[in-house]
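K.L.:
Before I ask anything, let me first share the structure, which is written out below as structure tokens.
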Amino acid sequence: MRQAVAFFMVLLSTGVFLLTYNFVTMIIRYQKTGPRKWALFENKNRQLLIDPLVEMPEYTKRSRNQNRPFHVALTATSGPYSKWQCRIMYYWYKKKKDLPGSNMGKFTRILHSGSPDNLMDEIPTFVVDPLPPGMDRGYVVLNRPWAFVQWLEKSRIEEEFILMAEPDHIFLKPLPNLVYEEYPVAFPFFYIKPAENERIIRKFFPEKMGPVTNIDPIGNSPVIIKKDLLEKIAPTWMNVSLKMKNDPETDNTFGWVLEMYAYAVASALHGVQHILRKDFMLQPPWDLETENKYILHYTYGCDYNLKGELTYGKIGEWRFDKRSFLRAPPPRNLSMPPPGVPESVATLVRLVNEATANLPNWGTAEQV
């Protein structure tokens with residue numbers, strides 16, 4: 001009897017030791033990696049279980065689609081403001097496309113003007129119809145989902161995956177296919193907050209579809225997604241966009257990001273979850289460095305005094321804002337920002353200057 005008790009105590013002590021060791025090891029590993037590394041796993045039905053605001057674990061960042069190219073697509077108008085951005089974007093696409101680590105496939109500018117323009121020979125372009133007159137109610141971005149619907153229906157796209165991009169994107173380095181298995185990948189925007197707008201969201205995402213936390217804090221761009229999945233989402237995205245625009249409360253609340261909310265809602269209506277990657281993109285002047293980022297998005301104005309201090313909301317002594325060039329492209333050889341300005345802003349100006357220095361016929365609205 002005493003031998004049995006002694007054996008049991010030894011076994012119990014060993015078990016406690018192993019349990020304690022594993023627990024302590026887990027804590028140490030948790031402290032090293034941080035809580036953001038522990039959030040991704042799959043259940044028995046192979047559903048992705050992830051907090052939409054949590055970064056992917058390192059092992060999942062190694063995409064299983066690295067040898068599968070994606071088609072780069074953006075929507076555009078025929079105005080000079082859109083044209084000069086598209087030219088710069090396409091320049092940097094060509095510079096990065098064939099470098100090691102890239103899965104970037106072919107490129108399409110989806111032109112929703114209804115007729116060709118003078119960039120057809122420079123940039124691969126597919127012409128689609130705009131929305132009927134008056135339907136966008138001055139919100140030109142409303143044409144984006146309709147443009148994708150037409151392009152997906154009428155064009156022959158060889159790649160299995162699609163990157164939805166925008167004219168004001170600059171590729172910083174070769175972009176691999178970041179999709180994890182069947183899950184599309186997107187950039188999380190801090191200002192897309194479905195949970196804080198639940199009452200409005202419920203107009204388009206009924207309770208039977210689940211909690212509003214099923215809606216990712218994203219827009220449609222940048223997103224890498226399987227073509228067949230986008231073919232299902234795009235018509236819903238278009239319809240939700242139109243419904244949101246025609247609802248005064250929703251229109252007033254969401255404003256210029258309405259179409260982004262519409263894509264997020266449309267994806268959730270189809271049960272689609274996105275992997276969220278903060279390294280997908282950066283946005284000067286708020287993001288200070290370009291290191292380990294793939295895309296630079298210059299949507300915000302960059303205003304600084306000569307001391308290198310940000311004067312956001314007030315026109316700076318030095319500034320770069322794409323909206324300063326609505327009717328004509330920016331001149332070549334823009335002045336570099338003053339000392340002390342973040343690296344991301346200096347890189348933006350340097351990349352714009354390199355592109356404009358090498359693009360032919362740069363200068364006037366007619367030439368662009």
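By convention here, the chains of the structure tokens are called A, B, ... in the order presented, each chain's residues are numbered starting at 1, and ligands are numbered starting at 1 in the order presented.
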Could you pull the residues within 12 Å of Asp121 in chain A, counting only C-alpha atoms, minus those fewer than 5 positions along the same chain, as a JSON list (two decimals) with N, CA and C atoms, in the first residue's frame?

P.N.:
[["chain", "number", "residue", "atom", "x", "y", "z"],
["A", 87, "ARG", "N", -0.47, 57.10, -63.75],
["A", 87, "ARG", "CA", 0.83, 56.98, -64.42],
["A", 87, "ARG", "C", 1.94, 56.68, -63.41],
["A", 109, "ARG", "N", -6.12, 49.03, -65.69],
["A", 109, "ARG", "CA", -6.80, 50.25, -65.25],
["A", 109, "ARG", "C", -8.23, 50.15, -65.75],
["A", 116, "PRO", "N", -12.54, 55.55, -74.47],
["A", 116, "PRO", "CA", -11.09, 55.52, -74.30],
["A", 116, "PRO", "C", -10.51, 56.92, -74.07],
["A", 126, "PHE", "N", -9.15, 48.78, -69.49],
["A", 126, "PHE", "CA", -10.42, 48.19, -69.88],
["A", 126, "PHE", "C", -11.51, 49.23, -69.63]]

K.L.:
If you count only C-alpha atoms, which residues fall within 9 Å of Met336 in chain A, apart from same-chain ones fewer than 5 positions away, as a list in words?

P.N.:
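Result of the neighbour search: Trp318, Ala346, Val349 and Arg350 of chain A.
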
K.L.:
Tell me, which residues of range 164-326 of chain A carry DSSP strand (DSSP E), written as a list in words?

P.N.:
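The strand (DSSP E) subset of range 164-326 of chain A is Met164, Ala165, His169, Ile170, Phe171, Val185, Ala186, Val223, Ile224, Ile225, Lys226, Ile275, Leu276, Met281, Leu282, Ile295, Leu296, His297, Cys302, Asp303, Tyr304, Trp318, Arg319 and Phe320 of chain A.
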
K.L.:
With the cut-off set at 12 Å and counting only C-alpha atoms, tabulate each residue of range 217-331 of chain A with an atom at most that distance from an atom of range 154-166 of chain A, showing the nearest atom pair and its distance in Å to one decimal, ordered by chain and increasing number, as a tab-separated table.

P.N.:
residue	atom	partner	partner_atom	distance
A:Gly219	CA	A:Met164	CA	10.0
A:Asn220	CA	A:Met164	CA	6.7
A:Ser221	CA	A:Ala165	CA	5.3
A:Pro222	CA	A:Ala165	CA	5.2
A:Val223	CA	A:Met164	CA	5.3
A:Ile224	CA	A:Leu163	CA	4.3
A:Ile225	CA	A:Ile162	CA	5.4
A:Lys226	CA	A:Phe161	CA	4.3
A:Lys227	CA	A:Phe161	CA	5.1
A:Asp228	CA	A:Glu160	CA	7.8
A:Leu229	CA	A:Phe161	CA	9.2
A:Leu230	CA	A:Ile162	CA	8.3
A:Glu231	CA	A:Ile162	CA	10.6
A:Ala234	CA	A:Met164	CA	11.6
A:Tyr263	CA	A:Met164	CA	11.7
A:Phe280	CA	A:Ala165	CA	11.5
A:Met281	CA	A:Ala165	CA	11.0
A:Ile295	CA	A:Ala165	CA	9.6
A:Leu296	CA	A:Glu166	CA	10.7
A:His297	CA	A:Glu166	CA	8.6
A:Tyr298	CA	A:Glu166	CA	10.3
A:Thr299	CA	A:Glu166	CA	10.2

K.L.:
For those residues, write N, CA and C atoms to a file as an mmCIF file, in the first residue's frame.

P.N.:
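Contents of the output file selection-v6.cif:
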data_model
loop_
_atom_site.group_PDB
_atom_site.id
_atom_site.type_symbol
_atom_site.label_atom_id
_atom_site.label_comp_id
_atom_site.auth_asym_id
_atom_site.auth_seq_id
_atom_site.Cartn_x
_atom_site.Cartn_y
_atom_site.Cartn_z
ATOM 1 N N GLY A 219 -11.768 48.634 -46.267
ATOM 2 C CA GLY A 219 -12.394 49.046 -47.503
ATOM 3 C C GLY A 219 -12.083 47.997 -48.551
ATOM 4 N N ASN A 220 -12.362 48.334 -49.806
ATOM 5 C CA ASN A 220 -12.078 47.351 -50.857
ATOM 6 C C ASN A 220 -10.631 47.388 -51.313
ATOM 7 N N SER A 221 -9.870 48.341 -50.802
ATOM 8 C CA SER A 221 -8.511 48.492 -51.290
ATOM 9 C C SER A 221 -7.587 48.990 -50.178
ATOM 10 N N PRO A 222 -6.407 48.389 -50.032
ATOM 11 C CA PRO A 222 -5.931 47.241 -50.806
ATOM 12 C C PRO A 222 -6.497 45.929 -50.279
ATOM 13 N N VAL A 223 -6.892 45.081 -51.202
ATOM 14 C CA VAL A 223 -7.396 43.743 -50.891
ATOM 15 C C VAL A 223 -6.868 42.786 -51.944
ATOM 16 N N ILE A 224 -6.332 41.646 -51.513
ATOM 17 C CA ILE A 224 -6.035 40.547 -52.437
ATOM 18 C C ILE A 224 -7.052 39.458 -52.159
ATOM 19 N N ILE A 225 -7.731 39.011 -53.209
ATOM 20 C CA ILE A 225 -8.861 38.110 -53.043
ATOM 21 C C ILE A 225 -8.957 37.183 -54.247
ATOM 22 N N LYS A 226 -9.502 35.996 -54.029
ATOM 23 C CA LYS A 226 -9.723 35.080 -55.143
ATOM 24 C C LYS A 226 -10.765 35.672 -56.087
ATOM 25 N N LYS A 227 -10.523 35.497 -57.374
ATOM 26 C CA LYS A 227 -11.402 36.082 -58.387
ATOM 27 C C LYS A 227 -12.831 35.583 -58.245
ATOM 28 N N ASP A 228 -13.019 34.283 -58.035
ATOM 29 C CA ASP A 228 -14.388 33.761 -57.952
ATOM 30 C C ASP A 228 -15.120 34.287 -56.721
ATOM 31 N N LEU A 229 -14.381 34.586 -55.671
ATOM 32 C CA LEU A 229 -14.998 35.162 -54.475
ATOM 33 C C LEU A 229 -15.413 36.609 -54.729
ATOM 34 N N LEU A 230 -14.557 37.358 -55.397
ATOM 35 C CA LEU A 230 -14.900 38.746 -55.722
ATOM 36 C C LEU A 230 -16.084 38.820 -56.683
ATOM 37 N N GLU A 231 -16.192 37.848 -57.561
ATOM 38 C CA GLU A 231 -17.327 37.817 -58.481
ATOM 39 C C GLU A 231 -18.647 37.687 -57.728
ATOM 40 N N ALA A 234 -18.928 41.391 -55.532
ATOM 41 C CA ALA A 234 -19.014 42.672 -56.244
ATOM 42 C C ALA A 234 -20.445 43.166 -56.493
ATOM 43 N N TYR A 263 -18.315 47.820 -48.981
ATOM 44 C CA TYR A 263 -17.549 46.605 -49.287
ATOM 45 C C TYR A 263 -17.429 45.717 -48.055
ATOM 46 N N PHE A 280 0.578 45.781 -44.844
ATOM 47 C CA PHE A 280 0.133 45.856 -46.237
ATOM 48 C C PHE A 280 0.369 47.265 -46.795
ATOM 49 N N MET A 281 0.183 48.289 -45.948
ATOM 50 C CA MET A 281 0.189 49.657 -46.451
ATOM 51 C C MET A 281 0.557 50.639 -45.337
ATOM 52 N N ILE A 295 2.951 48.955 -49.609
ATOM 53 C CA ILE A 295 2.312 49.996 -50.419
ATOM 54 C C ILE A 295 2.302 51.308 -49.646
ATOM 55 N N LEU A 296 2.592 52.390 -50.338
ATOM 56 C CA LEU A 296 2.469 53.733 -49.766
ATOM 57 C C LEU A 296 1.216 54.379 -50.346
ATOM 58 N N HIS A 297 0.340 54.834 -49.464
ATOM 59 C CA HIS A 297 -0.935 55.443 -49.867
ATOM 60 C C HIS A 297 -0.900 56.925 -49.508
ATOM 61 N N TYR A 298 -0.868 57.789 -50.506
ATOM 62 C CA TYR A 298 -0.728 59.222 -50.225
ATOM 63 C C TYR A 298 -2.073 59.955 -50.305
ATOM 64 N N THR A 299 -3.001 59.506 -49.496
ATOM 65 C CA THR A 299 -4.323 60.119 -49.491
ATOM 66 C C THR A 299 -4.394 61.378 -48.643
#

K.L.:
DSSP says helix (DSSP H, G or I) for which residues of range 201-346 of chain A? Put them as an mmCIF file with N, CA, C and O atoms, in the first residue's frame?

P.N.:
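Saved file states.cif follows:
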data_model
loop_
_atom_site.group_PDB
_atom_site.id
_atom_site.type_symbol
_atom_site.label_atom_id
_atom_site.label_comp_id
_atom_site.auth_asym_id
_atom_site.auth_seq_id
_atom_site.Cartn_x
_atom_site.Cartn_y
_atom_site.Cartn_z
ATOM 1 N N ILE A 201 -25.571 50.240 -39.370
ATOM 2 C CA ILE A 201 -25.142 49.021 -40.055
ATOM 3 C C ILE A 201 -26.287 48.021 -40.155
ATOM 4 O O ILE A 201 -26.429 47.305 -41.159
ATOM 5 N N GLU A 207 -29.780 41.275 -38.145
ATOM 6 C CA GLU A 207 -29.296 40.524 -36.981
ATOM 7 C C GLU A 207 -29.129 39.041 -37.271
ATOM 8 O O GLU A 207 -28.268 38.385 -36.673
ATOM 9 N N LYS A 208 -29.939 38.508 -38.165
ATOM 10 C CA LYS A 208 -29.838 37.076 -38.472
ATOM 11 C C LYS A 208 -28.488 36.720 -39.102
ATOM 12 O O LYS A 208 -28.092 35.543 -39.119
ATOM 13 N N MET A 209 -27.775 37.738 -39.605
ATOM 14 C CA MET A 209 -26.456 37.498 -40.193
ATOM 15 C C MET A 209 -25.355 37.428 -39.144
ATOM 16 O O MET A 209 -24.210 37.132 -39.466
ATOM 17 N N VAL A 212 -22.267 42.514 -35.528
ATOM 18 C CA VAL A 212 -21.603 43.443 -36.439
ATOM 19 C C VAL A 212 -20.087 43.278 -36.388
ATOM 20 O O VAL A 212 -19.373 43.765 -37.273
ATOM 21 N N THR A 213 -19.593 42.600 -35.369
ATOM 22 C CA THR A 213 -18.161 42.322 -35.314
ATOM 23 C C THR A 213 -17.733 41.354 -36.413
ATOM 24 O O THR A 213 -16.530 41.173 -36.635
ATOM 25 N N ASN A 214 -18.704 40.734 -37.099
ATOM 26 C CA ASN A 214 -18.372 39.920 -38.268
ATOM 27 C C ASN A 214 -17.921 40.782 -39.444
ATOM 28 O O ASN A 214 -17.395 40.262 -40.433
ATOM 29 N N LYS A 227 -10.523 35.497 -57.374
ATOM 30 C CA LYS A 227 -11.402 36.082 -58.387
ATOM 31 C C LYS A 227 -12.831 35.583 -58.245
ATOM 32 O O LYS A 227 -13.787 36.383 -58.316
ATOM 33 N N ASP A 228 -13.019 34.283 -58.035
ATOM 34 C CA ASP A 228 -14.388 33.761 -57.952
ATOM 35 C C ASP A 228 -15.120 34.287 -56.721
ATOM 36 O O ASP A 228 -16.345 34.431 -56.724
ATOM 37 N N LEU A 229 -14.381 34.586 -55.671
ATOM 38 C CA LEU A 229 -14.998 35.162 -54.475
ATOM 39 C C LEU A 229 -15.413 36.609 -54.729
ATOM 40 O O LEU A 229 -16.506 37.040 -54.322
ATOM 41 N N LEU A 230 -14.557 37.358 -55.397
ATOM 42 C CA LEU A 230 -14.900 38.746 -55.722
ATOM 43 C C LEU A 230 -16.084 38.820 -56.683
ATOM 44 O O LEU A 230 -16.907 39.745 -56.589
ATOM 45 N N GLU A 231 -16.192 37.848 -57.561
ATOM 46 C CA GLU A 231 -17.327 37.817 -58.481
ATOM 47 C C GLU A 231 -18.647 37.687 -57.728
ATOM 48 O O GLU A 231 -19.688 38.212 -58.176
ATOM 49 N N LYS A 232 -18.631 37.028 -56.585
ATOM 50 C CA LYS A 232 -19.840 36.907 -55.770
ATOM 51 C C LYS A 232 -20.104 38.177 -54.962
ATOM 52 O O LYS A 232 -21.253 38.587 -54.789
ATOM 53 N N ILE A 233 -19.036 38.782 -54.453
ATOM 54 C CA ILE A 233 -19.191 39.945 -53.571
ATOM 55 C C ILE A 233 -19.529 41.219 -54.347
ATOM 56 O O ILE A 233 -20.315 42.048 -53.877
ATOM 57 N N ALA A 234 -18.928 41.391 -55.532
ATOM 58 C CA ALA A 234 -19.014 42.672 -56.244
ATOM 59 C C ALA A 234 -20.445 43.166 -56.493
ATOM 60 O O ALA A 234 -20.740 44.345 -56.243
ATOM 61 N N PRO A 235 -21.378 42.343 -56.981
ATOM 62 C CA PRO A 235 -22.746 42.857 -57.178
ATOM 63 C C PRO A 235 -23.396 43.299 -55.871
ATOM 64 O O PRO A 235 -24.120 44.300 -55.837
ATOM 65 N N THR A 236 -23.147 42.557 -54.795
ATOM 66 C CA THR A 236 -23.676 42.944 -53.486
ATOM 67 C C THR A 236 -23.056 44.254 -53.024
ATOM 68 O O THR A 236 -23.738 45.137 -52.485
ATOM 69 N N TRP A 237 -21.760 44.378 -53.213
ATOM 70 C CA TRP A 237 -21.040 45.613 -52.889
ATOM 71 C C TRP A 237 -21.656 46.811 -53.620
ATOM 72 O O TRP A 237 -21.881 47.869 -53.019
ATOM 73 N N MET A 238 -21.963 46.631 -54.891
ATOM 74 C CA MET A 238 -22.578 47.704 -55.670
ATOM 75 C C MET A 238 -23.953 48.060 -55.113
ATOM 76 O O MET A 238 -24.290 49.238 -54.903
ATOM 77 N N ASN A 239 -24.780 47.049 -54.854
ATOM 78 C CA ASN A 239 -26.137 47.302 -54.376
ATOM 79 C C ASN A 239 -26.148 47.941 -52.991
ATOM 80 O O ASN A 239 -26.936 48.860 -52.729
ATOM 81 N N VAL A 240 -25.268 47.467 -52.098
ATOM 82 C CA VAL A 240 -25.198 48.055 -50.761
ATOM 83 C C VAL A 240 -24.710 49.493 -50.846
ATOM 84 O O VAL A 240 -25.213 50.372 -50.127
ATOM 85 N N SER A 241 -23.764 49.778 -51.730
ATOM 86 C CA SER A 241 -23.276 51.146 -51.905
ATOM 87 C C SER A 241 -24.405 52.083 -52.317
ATOM 88 O O SER A 241 -24.552 53.187 -51.767
ATOM 89 N N LEU A 242 -25.198 51.653 -53.277
ATOM 90 C CA LEU A 242 -26.304 52.490 -53.748
ATOM 91 C C LEU A 242 -27.352 52.685 -52.652
ATOM 92 O O LEU A 242 -27.881 53.793 -52.469
ATOM 93 N N LYS A 243 -27.649 51.624 -51.921
ATOM 94 C CA LYS A 243 -28.628 51.734 -50.841
ATOM 95 C C LYS A 243 -28.129 52.673 -49.743
ATOM 96 O O LYS A 243 -28.902 53.477 -49.203
ATOM 97 N N MET A 244 -26.868 52.578 -49.406
ATOM 98 C CA MET A 244 -26.301 53.467 -48.388
ATOM 99 C C MET A 244 -26.354 54.924 -48.848
ATOM 100 O O MET A 244 -26.685 55.830 -48.070
ATOM 101 N N LYS A 245 -26.014 55.153 -50.117
ATOM 102 C CA LYS A 245 -26.020 56.525 -50.632
ATOM 103 C C LYS A 245 -27.423 57.108 -50.661
ATOM 104 O O LYS A 245 -27.617 58.312 -50.459
ATOM 105 N N PRO A 248 -30.325 58.941 -46.345
ATOM 106 C CA PRO A 248 -29.701 60.196 -45.887
ATOM 107 C C PRO A 248 -28.884 60.058 -44.610
ATOM 108 O O PRO A 248 -27.788 60.627 -44.499
ATOM 109 N N GLU A 249 -29.389 59.280 -43.637
ATOM 110 C CA GLU A 249 -28.658 59.138 -42.381
ATOM 111 C C GLU A 249 -27.319 58.442 -42.603
ATOM 112 O O GLU A 249 -26.271 58.872 -42.076
ATOM 113 N N THR A 250 -27.347 57.366 -43.394
ATOM 114 C CA THR A 250 -26.118 56.630 -43.674
ATOM 115 C C THR A 250 -25.147 57.496 -44.471
ATOM 116 O O THR A 250 -23.942 57.537 -44.176
ATOM 117 N N ASP A 251 -25.670 58.195 -45.461
ATOM 118 C CA ASP A 251 -24.831 59.059 -46.290
ATOM 119 C C ASP A 251 -24.147 60.139 -45.455
ATOM 120 O O ASP A 251 -22.948 60.389 -45.585
ATOM 121 N N ASN A 252 -24.900 60.763 -44.564
ATOM 122 C CA ASN A 252 -24.342 61.828 -43.728
ATOM 123 C C ASN A 252 -23.328 61.288 -42.717
ATOM 124 O O ASN A 252 -22.344 61.958 -42.392
ATOM 125 N N THR A 253 -23.572 60.096 -42.216
ATOM 126 C CA THR A 253 -22.681 59.521 -41.200
ATOM 127 C C THR A 253 -21.381 59.013 -41.802
ATOM 128 O O THR A 253 -20.290 59.275 -41.279
ATOM 129 N N PHE A 254 -21.468 58.287 -42.902
ATOM 130 C CA PHE A 254 -20.278 57.653 -43.473
ATOM 131 C C PHE A 254 -19.523 58.568 -44.434
ATOM 132 O O PHE A 254 -18.310 58.410 -44.617
ATOM 133 N N GLY A 255 -20.215 59.495 -45.076
ATOM 134 C CA GLY A 255 -19.547 60.470 -45.931
ATOM 135 C C GLY A 255 -18.671 59.832 -46.998
ATOM 136 O O GLY A 255 -19.081 58.917 -47.712
ATOM 137 N N TRP A 256 -17.418 60.292 -47.076
ATOM 138 C CA TRP A 256 -16.534 59.860 -48.159
ATOM 139 C C TRP A 256 -16.066 58.420 -48.013
ATOM 140 O O TRP A 256 -15.487 57.861 -48.956
ATOM 141 N N VAL A 257 -16.298 57.793 -46.864
ATOM 142 C CA VAL A 257 -15.898 56.385 -46.702
ATOM 143 C C VAL A 257 -17.092 55.438 -46.843
ATOM 144 O O VAL A 257 -16.999 54.268 -46.505
ATOM 145 N N LEU A 258 -18.199 55.933 -47.362
ATOM 146 C CA LEU A 258 -19.416 55.121 -47.501
ATOM 147 C C LEU A 258 -19.161 53.862 -48.326
ATOM 148 O O LEU A 258 -19.572 52.764 -47.943
ATOM 149 N N GLU A 259 -18.481 54.017 -49.439
ATOM 150 C CA GLU A 259 -18.237 52.861 -50.310
ATOM 151 C C GLU A 259 -17.336 51.834 -49.629
ATOM 152 O O GLU A 259 -17.434 50.626 -49.900
ATOM 153 N N MET A 260 -16.461 52.287 -48.729
ATOM 154 C CA MET A 260 -15.615 51.357 -47.974
ATOM 155 C C MET A 260 -16.468 50.525 -47.026
ATOM 156 O O MET A 260 -16.304 49.300 -46.939
ATOM 157 N N TYR A 261 -17.363 51.177 -46.319
ATOM 158 C CA TYR A 261 -18.285 50.449 -45.449
ATOM 159 C C TYR A 261 -19.120 49.458 -46.271
ATOM 160 O O TYR A 261 -19.392 48.336 -45.822
ATOM 161 N N ALA A 262 -19.516 49.868 -47.467
ATOM 162 C CA ALA A 262 -20.344 48.999 -48.298
ATOM 163 C C ALA A 262 -19.602 47.710 -48.663
ATOM 164 O O ALA A 262 -20.192 46.625 -48.656
ATOM 165 N N TYR A 263 -18.315 47.820 -48.981
ATOM 166 C CA TYR A 263 -17.549 46.605 -49.287
ATOM 167 C C TYR A 263 -17.429 45.717 -48.055
ATOM 168 O O TYR A 263 -17.577 44.488 -48.151
ATOM 169 N N ALA A 264 -17.155 46.326 -46.915
ATOM 170 C CA ALA A 264 -17.017 45.545 -45.688
ATOM 171 C C ALA A 264 -18.315 44.803 -45.364
ATOM 172 O O ALA A 264 -18.303 43.618 -44.996
ATOM 173 N N VAL A 265 -19.445 45.489 -45.504
ATOM 174 C CA VAL A 265 -20.743 44.877 -45.231
ATOM 175 C C VAL A 265 -21.048 43.783 -46.261
ATOM 176 O O VAL A 265 -21.502 42.687 -45.912
ATOM 177 N N ALA A 266 -20.798 44.068 -47.533
ATOM 178 C CA ALA A 266 -21.071 43.086 -48.588
ATOM 179 C C ALA A 266 -20.271 41.808 -48.364
ATOM 180 O O ALA A 266 -20.791 40.694 -48.531
ATOM 181 N N SER A 267 -19.011 41.943 -47.967
ATOM 182 C CA SER A 267 -18.190 40.765 -47.696
ATOM 183 C C SER A 267 -18.781 39.943 -46.561
ATOM 184 O O SER A 267 -18.869 38.715 -46.645
ATOM 185 N N ALA A 268 -19.201 40.634 -45.497
ATOM 186 C CA ALA A 268 -19.776 39.928 -44.349
ATOM 187 C C ALA A 268 -21.095 39.259 -44.714
ATOM 188 O O ALA A 268 -21.410 38.182 -44.196
ATOM 189 N N LEU A 269 -21.870 39.873 -45.584
ATOM 190 C CA LEU A 269 -23.123 39.258 -46.028
ATOM 191 C C LEU A 269 -22.873 37.930 -46.742
ATOM 192 O O LEU A 269 -23.724 37.037 -46.728
ATOM 193 N N LYS A 278 -1.408 44.958 -41.129
ATOM 194 C CA LYS A 278 -1.000 46.352 -41.006
ATOM 195 C C LYS A 278 0.240 46.654 -41.824
ATOM 196 O O LYS A 278 0.517 47.829 -42.115
ATOM 197 N N ASP A 279 0.998 45.624 -42.197
ATOM 198 C CA ASP A 279 2.178 45.859 -43.023
ATOM 199 C C ASP A 279 1.840 45.947 -44.506
ATOM 200 O O ASP A 279 2.719 46.190 -45.336
ATOM 201 N N PHE A 280 0.578 45.781 -44.844
ATOM 202 C CA PHE A 280 0.133 45.856 -46.237
ATOM 203 C C PHE A 280 0.369 47.265 -46.795
ATOM 204 O O PHE A 280 0.740 47.443 -47.955
ATOM 205 N N LYS A 322 -2.001 65.811 -52.751
ATOM 206 C CA LYS A 322 -2.401 65.474 -54.118
ATOM 207 C C LYS A 322 -3.549 66.350 -54.606
ATOM 208 O O LYS A 322 -3.689 66.574 -55.816
ATOM 209 N N ARG A 323 -4.350 66.873 -53.677
ATOM 210 C CA ARG A 323 -5.489 67.702 -54.069
ATOM 211 C C ARG A 323 -5.078 69.090 -54.558
ATOM 212 O O ARG A 323 -5.909 69.854 -55.043
ATOM 213 N N SER A 324 -3.809 69.395 -54.412
ATOM 214 C CA SER A 324 -3.294 70.647 -54.986
ATOM 215 C C SER A 324 -3.162 70.548 -56.497
ATOM 216 O O SER A 324 -2.888 71.552 -57.167
ATOM 217 N N PHE A 325 -3.354 69.338 -57.032
ATOM 218 C CA PHE A 325 -3.123 69.102 -58.460
ATOM 219 C C PHE A 325 -4.345 68.442 -59.092
ATOM 220 O O PHE A 325 -4.249 67.386 -59.717
ATOM 221 N N GLU A 343 10.551 60.004 -42.377
ATOM 222 C CA GLU A 343 11.112 59.318 -43.542
ATOM 223 C C GLU A 343 10.041 58.983 -44.566
ATOM 224 O O GLU A 343 10.278 59.028 -45.780
ATOM 225 N N SER A 344 8.836 58.641 -44.115
ATOM 226 C CA SER A 344 7.766 58.256 -45.042
ATOM 227 C C SER A 344 7.403 59.393 -45.989
ATOM 228 O O SER A 344 7.136 59.170 -47.176
ATOM 229 N N VAL A 345 7.391 60.606 -45.480
ATOM 230 C CA VAL A 345 7.040 61.771 -46.306
ATOM 231 C C VAL A 345 8.151 62.060 -47.309
ATOM 232 O O VAL A 345 7.893 62.329 -48.489
ATOM 233 N N ALA A 346 9.402 62.002 -46.847
ATOM 234 C CA ALA A 346 10.528 62.223 -47.753
ATOM 235 C C ALA A 346 10.557 61.159 -48.846
ATOM 236 O O ALA A 346 10.832 61.450 -50.021
#

K.L.:
Give me, as a list in words, all polymer residues having an atom no more than 9 Å from Met89 in chain A, counting only C-alpha atoms and skipping those fewer than 2 positions away in the same chain.

P.N.:
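Non-adjacent residues within range: Trp84, Gln85, Cys86, Arg87, Tyr91, Trp92, Tyr93, Lys94, Glu166, Pro167, Asp168, His169, Ile170, Phe171 and Ala355 of chain A.
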